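See below for the structure under consideration.
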Amino acid sequence: MTDAGGDGKHVIEVEGLKTQFGDFVVHEDLDLNVERGEILGVVGGSGTGKSVLMRAIIGLKRPSAGAVRIFGEDYYQASDKDREAIEERWGVLFQGGALFSSLTVAQNVMAPLKEHLNLPEELVRDIAALKISMSGLPEEAGAKYPSELSGGMKKRAGLARALALDPEIVFLDEPTAGLDPIGAAKFDELIVNLKESLGLTVFMVTHDLDTLHATCDRVAVLAEKRVMACGPLEEVRKTDHPWIQEYFSGPRGRAALAHKASEGMS
Amino acid sequence: MTDSAASFDIDVRQGVLKLAPRGDWRARFLGGLDDPLRDFADDSVGRDLVIDMAAVERLDTVGAMMLQRTMHSCTSRTSTSEFLNASEAQAALLKQVESHLDPCHVEPLHGNIVVVLIDRLGRGVADAYFASLEVMSFIGLTLSTAWRVLFNPKKMRWTSTVYHMEEAGLNAMPIVGLMSFLIGAVVAFMGAKILRMFNADIFTVELVGISVLREFGVLLSAILIAGRSGSAFTAQIGSMKIREEIDAMRVLGLDPMEVLVLPRVIALVIMLPILALVASVLGVIGGGLVAAMAMDISPALFVSRFQETIVINHFWAGLIKAPFFAFVIAIIGCFQGMEVEGSAESLGQRTTLSVVQALFLVILIDAFFAMFYLEIDF
Ligand SMILES: Nc1ncnc2c1ncn2[C@@H]1O[C@H](COP(=O)(O)OP(=O)(O)OP(=O)(O)O)[C@@H](O)[C@H]1O
Ligand SMILES: [Mg+2]
């Protein structure tokens with residue numbers, strides 16, 4: 001899926017990014033590249049600015065310095081038309097789901113389809129049903145309002161909406177938080193599947209070590225306002241930084257690793 | 001970007017249907033192919049079908065779904081039907097969507113339109129009945145909370161109360177004062193014009209005094225507060241309800257009646273009489289000013305006539321109503337906030353409802369007071 005724009009390898013380039021709220025600086029001089037077709041996991045302690053980084057990339061938090069290029073284009077400088085073209089090529093799952101509360105789940109999924117594509121109503125409905133089912137929601141969830149869903153179902157509905165336009169990049173903010181372990185594992189599988197069949201690029205903020213092991217090609221660690229380490233999990237794990245050491249070598253980190261190893265052997 | 005980027009050919013070979021999609025099979029190009037493909041599927045139910053993927057340049061989930069859908073509706077399962085020449089990625093995609101072809105409902109089911117309308121009417125009536133019961137019980141709950149807090153003053157939320165007194169009362173003072181001033185002036189103008197015909201200019205003083213003190217001062221304040229604070233109460237409490245903050249309060253052992261409702265009710269009950277007082281004063285001043293400018297009633301004459309003819313009863317008759325209005329406005333505002341459910345739309349509806357109901361009740365109570373005063377000659 002190589003469309004016009006984007007120099008092939010990097011679909012997202014973040015350079016010297018600085019973001020702040022008032023005097024409070026969240027990121028300073030942050031660099032990060034996301035390669036086409038990879039799943040990048042972004043980890044970091046609570047409040048290190050993972051969500052804010054994602055918002056900066058998708059055009060919701062204007063950086064106070066630095067550049068964000070997506071498909072080789074600076075979103076903040078682009079014309080309205082270019083922006084719309086970019087918006088068609090990404091899908092976003094917010095940390096809280098951010099479903100439109102006055103629409104049913106199916107209508108939520110149909111909203112971007114109707115906005116961006118000119119398709120017959122019947123087809124749009126079929127597409128919505130497909131995405132809802134692919135996200136692992138039961139059939140009857142389509143007609144429900146977000147307030148009638150459980151936390152995990154909201155996540156899935158959010159994912160269905162994020163995938164509505166068959167985007168090239170999806171941004172996922174803690175997609176597996178609040179899912180049961182089986183559901184989370186299925187979710188991981190789904191993401192990897194989609195990546196392979198659709199050539200999807202995934203930017204995923206997560207705290208879930210199992211997800212990290214199961215899905216991510218590369219991992220970026222956010223700490224001290226910057227990306228402290230970025231690379232394949234094996235390399236990042238070896239980085240000599242107290243937080244990284246504690247993160248990967250703590251009891252949960254080791255458990256996830258052991259699980260991965262046992263899976264590899266069988 | 002044209003619609004012709006995607007297409008398909010059909011031919012029949014040895015009794016086997018062959019569908020050959022070609023081009024760019026991504027959602028944006030497929031709008032025109034949906035119906036033809038459905039027709040094709042309807043015409044060929046139960047026949048063997050092969051789909052040749054060789055000429056498909058690109059495929060996304062929507063394209064894959066449409067092909068799979070066609071495949072499934074045509075073929076009897078045991079046949080030789082298959083996808084030919086699919087690349088590895090395409091095969092993966094086709095497989096991915098295969099198990100997700102069932103349609104789903106988009107909206108909750110609606111029945112027959114007549115039934116729905118009758119149902120809605122019935123529900124409307126029943127809802128109105130139950131809502132009035134609920135308002136009653138909400139009033140009872142507020143009063144019993146107030147009673148409890150009265151004996152345990154430590155539970156009183158002073159900070160919050162004072163905040164709402166400032167927000168709903170003090171901050172509304174300029175606009176309430178201005179409106180009342182202007183209404184006082186308008187009443188005086190009307191009086192001047194009509195009373196002059198009877199050579200009774202001087203009665204303008206009574207006209208302004210009685211109408212502003214008894215009705216306009218307090219009514220205007222109440223209407224403004226209903227629009228300004230009643231709606232704000234609903235929106236504040238309603239959005240807390242949506243984000244489960246109210247539930248969080250309950251499980252933390254905080255009583256929302258105590259924390260949210262009581263301070264707002266008390267703040268309005270204290271502030272509305274003060275606002276009504278200010279409004280009355282400014283209304284009379286407005287009337288007096290017009291009397292001085294448009295007629296020959298000097299301020300001194302206005303004041304002395306005012307003192308002579310307007311008994312203090314008129315003032316009390318107006319002011320006594322203020323706490324009742326305030327109570328109703330605050331109760332309705334909070335009650336509607338508590339009734340908000342789930343969606344942003346419900347919040348909007350409840351906010352509108354809160355203002356409309358509060359205004360209606362204020363006018364209704366005002367009418368009751370008027371009849372009451374008439375009976376007791378107040
Ligand atoms: N709208 C805002 N106004 C002010 N500060 C904010 C705002 N949004 C975020 N912040 C601050 O920016 C920092 C980073 O927040 P962010 O939401 O990105 O954290 P996070 O890494 O996503 O954490 P978590 O893992 O808990 O989701 C935090 O210190 C937060 O207080
Ligand atoms: Mg976050």
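We label chains A, B, ... in the order they appear in the structure tokens, count residues from 1 in each chain, and number ligands from 1 in the order shown.
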
### Query
Which residues, written as a ChimeraX atom specification, have at least one atom at most 8 Å from range 85-99 of chain A, with only C-alpha atoms counted and residues fewer than 2 positions away on the same chain left out?
/A:51,70-71,81-83,101,105,108,116,146,154-155,157-159,161-175

Those same residues - N, CA, C and O atoms - I'd like them written as a compact mmCIF listing (two decimals), in the first residue's frame.
```txt
# COMPACT_ATOMS: atom_id res chain seq x y z
N SER A 51 0.25 9.82 25.75
CA SER A 51 -0.98 10.29 25.09
C SER A 51 -0.75 11.64 24.42
O SER A 51 -1.25 11.89 23.32
N ILE A 70 3.87 13.39 8.65
CA ILE A 70 3.13 12.16 8.51
C ILE A 70 2.94 11.95 7.03
O ILE A 70 2.59 12.88 6.31
N PHE A 71 3.26 10.79 6.50
CA PHE A 71 3.35 10.57 5.05
C PHE A 71 4.20 11.67 4.40
O PHE A 71 3.89 12.15 3.32
N LYS A 81 -7.27 20.63 2.36
CA LYS A 81 -7.50 19.50 1.49
C LYS A 81 -6.50 18.38 1.82
O LYS A 81 -6.88 17.20 1.91
N ASP A 82 -5.24 18.78 2.00
CA ASP A 82 -4.22 17.78 2.33
C ASP A 82 -4.52 17.14 3.68
O ASP A 82 -4.34 15.95 3.87
N ARG A 83 -4.98 17.97 4.60
CA ARG A 83 -5.32 17.43 5.91
C ARG A 83 -6.38 16.37 5.81
O ARG A 83 -6.29 15.31 6.41
N SER A 101 -21.59 9.69 21.84
CA SER A 101 -22.54 9.08 22.77
C SER A 101 -23.96 9.09 22.24
O SER A 101 -24.80 8.33 22.69
N VAL A 105 -23.32 2.09 18.20
CA VAL A 105 -21.99 1.62 17.81
C VAL A 105 -21.88 1.57 16.28
O VAL A 105 -20.92 2.07 15.70
N ASN A 108 -21.61 4.90 14.87
CA ASN A 108 -20.28 5.42 15.12
C ASN A 108 -19.31 4.97 14.04
O ASN A 108 -18.50 5.74 13.55
N HIS A 116 -16.32 10.45 4.51
CA HIS A 116 -15.21 10.46 3.55
C HIS A 116 -15.50 9.74 2.25
O HIS A 116 -14.88 10.04 1.23
N PRO A 146 -23.22 3.76 23.25
CA PRO A 146 -21.99 3.58 24.04
C PRO A 146 -22.23 3.46 25.53
O PRO A 146 -21.55 2.70 26.21
N LYS A 154 -16.36 -0.93 24.79
CA LYS A 154 -16.13 0.42 24.25
C LYS A 154 -14.81 0.46 23.49
O LYS A 154 -14.69 1.08 22.44
N LYS A 155 -13.80 -0.17 24.08
CA LYS A 155 -12.49 -0.24 23.41
C LYS A 155 -12.63 -0.84 22.03
O LYS A 155 -12.10 -0.34 21.04
N ALA A 157 -15.33 -1.18 20.21
CA ALA A 157 -16.12 -0.32 19.32
C ALA A 157 -15.25 0.82 18.80
O ALA A 157 -15.33 1.19 17.63
N GLY A 158 -14.41 1.37 19.68
CA GLY A 158 -13.48 2.42 19.26
C GLY A 158 -12.54 1.92 18.18
O GLY A 158 -12.25 2.61 17.21
N LEU A 159 -12.09 0.69 18.34
CA LEU A 159 -11.20 0.10 17.33
C LEU A 159 -11.94 -0.08 16.01
O LEU A 159 -11.42 0.24 14.94
N ARG A 161 -14.29 1.66 14.86
CA ARG A 161 -14.40 2.95 14.20
C ARG A 161 -13.05 3.39 13.63
O ARG A 161 -12.97 3.97 12.55
N ALA A 162 -11.98 3.10 14.40
CA ALA A 162 -10.65 3.47 13.91
C ALA A 162 -10.31 2.74 12.62
O ALA A 162 -9.60 3.25 11.77
N LEU A 163 -10.83 1.53 12.48
CA LEU A 163 -10.51 0.72 11.30
C LEU A 163 -11.50 0.94 10.15
O LEU A 163 -11.34 0.36 9.08
N ALA A 164 -12.49 1.80 10.37
CA ALA A 164 -13.58 1.93 9.40
C ALA A 164 -13.07 2.21 7.99
O ALA A 164 -13.54 1.63 7.03
N LEU A 165 -12.11 3.10 7.87
CA LEU A 165 -11.68 3.53 6.53
C LEU A 165 -10.51 2.72 6.01
O LEU A 165 -9.85 3.14 5.07
N ASP A 166 -10.24 1.56 6.60
CA ASP A 166 -9.06 0.79 6.23
C ASP A 166 -7.83 1.68 6.20
O ASP A 166 -7.19 1.86 5.17
N PRO A 167 -7.49 2.25 7.32
CA PRO A 167 -6.42 3.22 7.34
C PRO A 167 -5.06 2.57 7.13
O PRO A 167 -4.92 1.36 7.26
N GLU A 168 -4.08 3.40 6.80
CA GLU A 168 -2.72 2.87 6.66
C GLU A 168 -2.00 2.89 7.99
O GLU A 168 -1.11 2.09 8.24
N ILE A 169 -2.35 3.88 8.82
CA ILE A 169 -1.77 3.93 10.16
C ILE A 169 -2.92 3.89 11.16
O ILE A 169 -3.92 4.58 10.97
N VAL A 170 -2.77 3.09 12.19
CA VAL A 170 -3.71 3.27 13.29
C VAL A 170 -2.94 3.65 14.54
O VAL A 170 -1.86 3.14 14.81
N PHE A 171 -3.52 4.58 15.28
CA PHE A 171 -2.98 5.00 16.56
C PHE A 171 -3.84 4.38 17.64
O PHE A 171 -5.06 4.56 17.63
N LEU A 172 -3.23 3.66 18.52
CA LEU A 172 -3.99 3.00 19.57
C LEU A 172 -3.45 3.46 20.92
O LEU A 172 -2.27 3.29 21.20
N ASP A 173 -4.31 4.06 21.72
CA ASP A 173 -3.87 4.47 23.05
C ASP A 173 -4.37 3.43 24.06
O ASP A 173 -5.55 3.37 24.35
N GLU A 174 -3.45 2.63 24.54
CA GLU A 174 -3.76 1.56 25.49
C GLU A 174 -4.96 0.72 25.06
O GLU A 174 -5.98 0.69 25.75
N PRO A 175 -4.81 0.03 23.94
CA PRO A 175 -5.96 -0.73 23.42
C PRO A 175 -6.36 -1.90 24.30
O PRO A 175 -7.53 -2.24 24.37
```

#### Entry: Contacts with ligand 2 at most 10 Å, only C-alpha atoms and all ligand atoms counted, listed as a list of chain:residue names
A:Gly44, A:Gly45, A:Ser46, A:Gly47, A:Thr48, A:Gly49, A:Lys50, A:Ser51, A:Val52, A:Leu53, A:Met54, A:Arg55, A:Phe94, A:Gln95, A:Gly96, A:Asp173, A:Glu174, A:Val205, A:Thr206, A:His207

### Task
Determine, counting only C-alpha atoms, which protein, DNA and RNA residues have an atom within 9 Å of an atom of Pro138 in chain A; residues of the same chain fewer than 5 positions away are not included. Present the result as JSON, numbers by chain.
{"A": [132, 133], "B": [104]}

Written file, previous selection with N, CA and C atoms, as an mmCIF file, in the first residue's frame:
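Everything below was put into out_29.cif:
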```
data_model
loop_
_atom_site.group_PDB
_atom_site.id
_atom_site.type_symbol
_atom_site.label_atom_id
_atom_site.label_comp_id
_atom_site.auth_asym_id
_atom_site.auth_seq_id
_atom_site.Cartn_x
_atom_site.Cartn_y
_atom_site.Cartn_z
ATOM 1 N N ILE A 132 -17.320 -4.233 12.982
ATOM 2 C CA ILE A 132 -17.748 -4.531 14.348
ATOM 3 C C ILE A 132 -17.429 -5.980 14.682
ATOM 4 N N SER A 133 -17.725 -6.855 13.739
ATOM 5 C CA SER A 133 -17.458 -8.268 13.972
ATOM 6 C C SER A 133 -15.956 -8.529 14.044
ATOM 7 N N CYS B 104 -25.368 -6.733 10.933
ATOM 8 C CA CYS B 104 -25.793 -6.432 12.301
ATOM 9 C C CYS B 104 -26.771 -5.271 12.280
#
```

Distance-based interface of chain B with chain A, 6 Å, counting only C-alpha atoms, as a JSON list (two decimals) with C-alpha atoms, in the first residue's frame:
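The resulting file, iface-v4.json, is reproduced below:
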```json
[["chain", "number", "residue", "atom", "x", "y", "z"],
["B", 28, "ARG", "CA", -13.63, 4.32, -2.25],
["B", 31, "GLY", "CA", -19.61, 2.36, -4.48],
["B", 89, "ALA", "CA", -1.73, -11.04, 1.30],
["B", 92, "ALA", "CA", -4.96, -13.64, 4.17],
["B", 93, "LEU", "CA", -7.35, -10.77, 3.84],
["B", 100, "HIS", "CA", -17.34, -11.71, 9.80],
["B", 101, "LEU", "CA", -19.94, -11.47, 7.05],
["B", 103, "PRO", "CA", -25.02, -8.22, 9.06],
["B", 104, "CYS", "CA", -25.79, -6.43, 12.30],
["B", 105, "HIS", "CA", -28.43, -4.00, 13.44],
["B", 106, "VAL", "CA", -27.60, -0.36, 13.16],
["B", 107, "GLU", "CA", -30.31, 0.98, 15.43],
["B", 108, "PRO", "CA", -32.43, -0.51, 18.14],
["B", 342, "GLY", "CA", -25.43, 8.41, 29.07],
["B", 343, "SER", "CA", -25.31, 10.59, 26.03],
["B", 345, "GLU", "CA", -27.91, 14.44, 23.59]]
```

Residues near Leu49 in chain B, cut-off 8 Å, only C-alpha atoms, skip fewer than 6 positions along chain, as an mmCIF file with N, CA and C atoms, in the first residue's frame:
```
data_model
loop_
_atom_site.group_PDB
_atom_site.id
_atom_site.type_symbol
_atom_site.label_atom_id
_atom_site.label_comp_id
_atom_site.auth_asym_id
_atom_site.auth_seq_id
_atom_site.Cartn_x
_atom_site.Cartn_y
_atom_site.Cartn_z
ATOM 1 N N VAL B 16 -19.326 -23.709 -14.863
ATOM 2 C CA VAL B 16 -18.833 -23.034 -13.662
ATOM 3 C C VAL B 16 -18.767 -21.535 -13.934
ATOM 4 N N LEU B 17 -19.385 -20.783 -13.040
ATOM 5 C CA LEU B 17 -19.335 -19.328 -13.173
ATOM 6 C C LEU B 17 -17.955 -18.836 -12.789
ATOM 7 N N LYS B 18 -17.476 -17.865 -13.569
ATOM 8 C CA LYS B 18 -16.181 -17.309 -13.185
ATOM 9 C C LYS B 18 -16.310 -15.797 -13.066
ATOM 10 N N LEU B 19 -15.931 -15.320 -11.909
ATOM 11 C CA LEU B 19 -15.989 -13.875 -11.662
ATOM 12 C C LEU B 19 -14.556 -13.368 -11.634
ATOM 13 N N MET B 71 -19.275 -14.831 -2.966
ATOM 14 C CA MET B 71 -18.920 -16.246 -2.941
ATOM 15 C C MET B 71 -19.889 -17.037 -2.076
ATOM 16 N N CYS B 74 -23.546 -17.295 -3.418
ATOM 17 C CA CYS B 74 -23.718 -18.095 -4.627
ATOM 18 C C CYS B 74 -23.644 -19.584 -4.347
ATOM 19 N N THR B 75 -22.598 -19.945 -3.639
ATOM 20 C CA THR B 75 -22.222 -21.341 -3.681
ATOM 21 C C THR B 75 -22.890 -22.217 -2.663
ATOM 22 N N THR B 80 -16.887 -26.888 -5.865
ATOM 23 C CA THR B 80 -15.497 -26.636 -6.214
ATOM 24 C C THR B 80 -15.157 -25.150 -6.165
ATOM 25 N N SER B 81 -16.040 -24.391 -5.557
ATOM 26 C CA SER B 81 -15.836 -22.946 -5.557
ATOM 27 C C SER B 81 -14.558 -22.557 -4.830
ATOM 28 N N GLU B 82 -13.880 -21.576 -5.388
ATOM 29 C CA GLU B 82 -12.664 -21.133 -4.712
ATOM 30 C C GLU B 82 -12.185 -19.807 -5.293
#
```

### Task
Calculate how many Å separate CA of Leu272 in chain B from CA of Ala322 in chain B, rounding to one decimal.
5.9 Å

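In terms of minimum interatomic distance to Glu35 in chain A, A:Glu13 ranks closest within A:Asp210, A:Asp240, A:Glu224, A:Glu13, counting only C-alpha atoms.
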
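For the set A:Cys230, A:Ile244, A:Val25, A:Ala111, the residue with the smallest atom-to-atom gap to ligand 1 is A:Val25, counting only C-alpha atoms and all ligand atoms.
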
### Message
DSSP on the backbone, helix (DSSP H, G or I) only: what residues of range 24-110 of chain A does that give? Format it as a ChimeraX atom specification.
### Response
/A:50-57,80-88,105-110

### Message
Can you pull out the residues contacting Lys241 in chain B? Cut-off 9 Å, using only C-alpha atoms, and skip same-chain residues under 6 positions away; I want them as a VMD selection string.
### Response
chain B and resid 247 337 to 342

### Task
Show which residues sit within 12 Å of His10 in chain A, as a PyMOL selection string. Count only C-alpha atoms, and ignore same-chain residues fewer than 3 positions away.
chain A and resi 2+5-7+13-14+32-38+68-73+169+201

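Going from CA of Asp74 in chain A to CA of Trp25 in chain B covers 29.0 Å.
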
### Message
At a cut-off of 6 Å, using only C-alpha atoms, what residues contact range 217-228 of chain B? Leave out same-chain residues fewer than 2 positions from it and give the result as a PyMOL selection string.
### Response
chain B and resi 176+212-213+215+230-231+276+279-280+329+355

Dump of C-alpha atoms for the selected residues, as a PDB file, in the first residue's frame:
```
ATOM      1  CA  VAL B 176     -30.749  41.588  36.474  1.00  0.00           C
ATOM      2  CA  VAL B 212     -42.309  46.640  39.816  1.00  0.00           C
ATOM      3  CA  LEU B 213     -42.490  45.867  43.527  1.00  0.00           C
ATOM      4  CA  GLU B 215     -44.356  41.516  40.071  1.00  0.00           C
ATOM      5  CA  GLY B 230     -31.074  26.519  36.418  1.00  0.00           C
ATOM      6  CA  SER B 231     -29.574  25.428  33.129  1.00  0.00           C
ATOM      7  CA  ALA B 276     -35.249  40.740  43.595  1.00  0.00           C
ATOM      8  CA  ALA B 279     -34.196  44.610  40.753  1.00  0.00           C
ATOM      9  CA  SER B 280     -37.085  46.351  42.479  1.00  0.00           C
ATOM     10  CA  ILE B 329     -35.594  26.749  40.019  1.00  0.00           C
ATOM     11  CA  VAL B 355     -35.315  25.860  31.890  1.00  0.00           C
TER      12      VAL B 355
END
```
